[in-house]
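Written below as structure tokens is the structure these notes are about.
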Amino acid sequence: MIGAIIGDVIGSRFEFNNTRDYNFNLWDDSCSYTDDTICTLAIADAILTGECYKSKLLKWCGTYTHPMGAYGGRFAQWTHSEDPQPYNSFGNGSAMRVSPVAWAFDELEIVKEEAEKTALCTHNHPEGIKGAVAVAHAIWWFRFCDTHLSYFIKTMEEYYPGFMDQAFTPGKFDEGSFRNPSGVY
């Protein structure tokens, strides 16, 4: 979870100004938290207090109203609604906020169930739910499974067929970030 927040802050200055230059200072004055950090903290707070994910998202987003990059349009409408309802989003917001679930629960089935619950209040489209569940599953896998990546790759392929092909599209990801240096999976 801390890694997700650090990554959010470091990457914040590139959210609407992408770069392919990976030789940059991690921290500079233009870095700040975004909506993803606020929503991640809201999910963690819900888990720690036992309150529902929806109410904590509304509370945190109502308190921190102007994150860097702002909230997405539909999500911002949701936070200001008198009766916020799921809006069938299939965006990545549910995946961006789910990391606390994979750290708070040790049983995979519970991780997947809770990940789905974090998505349902806004991202109730099957793809929005799948994104949250896949990310939580991936984090859980790296917490509890050995370093042999074949299971992880197989699992991600179940969520997203062609995952490995997409991951190694030139310019999309650095292959070294996925590959085991030994070459053994």
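Every chain in the structure tokens takes a letter, A first, then B, and so on in the order presented; its residues are numbered from 1, and the ligands are numbered from 1 following the presented order.
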Can you check which parts of segment 67-86 of chain A lie within 9 Å of segment 50-59 of chain A? Per residue, the shortest pair of atoms and distance in Å to one decimal, counting only C-alpha atoms, sorted by chain and number, as JSON lines.
```
{"residue": "A:Trp78", "atom": "CA", "partner": "A:Leu58", "partner_atom": "CA", "distance": 8.6}
{"residue": "A:Thr79", "atom": "CA", "partner": "A:Leu58", "partner_atom": "CA", "distance": 5.7}
{"residue": "A:His80", "atom": "CA", "partner": "A:Leu58", "partner_atom": "CA", "distance": 8.5}
{"residue": "A:Pro84", "atom": "CA", "partner": "A:Lys54", "partner_atom": "CA", "distance": 8.8}
```
So that I can see what lies close to Lys117 of chain A, please list as a CSV table (one decimal) with C-alpha atoms, in the first residue's frame the residues with an atom at most 10 Å from it, counting only C-alpha atoms and leaving out residues fewer than 3 positions away in the same chain.
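Result file follows (out.csv):
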```
chain,number,residue,atom,x,y,z
A,52,CYS,CA,-18.5,0.4,4.5
A,53,TYR,CA,-16.2,1.2,1.6
A,54,LYS,CA,-18.7,3.6,0.1
A,94,SER,CA,-11.3,0.5,-8.6
A,98,VAL,CA,-7.6,-1.8,-3.9
A,111,VAL,CA,-9.2,-10.9,-0.7
A,112,LYS,CA,-11.2,-11.4,-3.9
A,113,GLU,CA,-14.6,-10.9,-2.2
A,114,GLU,CA,-13.4,-7.7,-0.5
A,120,LEU,CA,-19.1,-2.2,-6.5
A,121,CYS,CA,-20.0,1.2,-5.0
A,122,THR,CA,-18.7,2.9,-8.2
A,123,HIS,CA,-17.1,0.6,-10.7
A,124,ASN,CA,-19.9,-2.1,-10.9
A,129,ILE,CA,-14.8,-5.3,-10.8
A,132,ALA,CA,-9.9,-4.6,-8.7
A,133,VAL,CA,-10.0,-8.3,-8.2
```
Compare A:Asp83, A:Glu15, A:Glu116, A:Asp21 by their minimum atom-to-atom distance to Val101 of chain A, counting only C-alpha atoms, and give me the closest one.
-> A:Glu116
Go through A:Ala76, A:Ala44, A:Ala70, A:Ile6 and flag the residue nearest Cys31 of chain A, using only C-alpha atoms for the distances.
-> A:Ile6
So what do you get for atom CA of Pro86 of chain A versus atom CA of Ala119 of chain A, distance-wise?
->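 These atoms are spaced 9.0 Å apart.
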Would you please give, as a count of residues only, all residues of segment 13-125 of chain A that DSSP assigns to alpha helix (DSSP H) based on the backbone?
-> 57
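Distance-wise, atom CA of Pro100 of chain A and atom CA of Leu48 of chain A end up 9.9 Å apart.
Counting only C-alpha atoms and comparing A:Glu82, A:Glu107, A:Asp35, A:Glu157, the residue that lies closest to Thr65 of chain A is A:Asp35.
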Excluding Arg13 of chain A and any residue of its chain fewer than 5 positions from it, enumerate the residues within 9 Å of it, using only C-alpha atoms, and give them as a PyMOL selection string.
-> chain A and resi 18+28+30-32+68-69
What is the distance between atom CA of Ala102 of chain A and atom CA of His137 of chain A, in Å to one decimal?
-> 7.1 Å
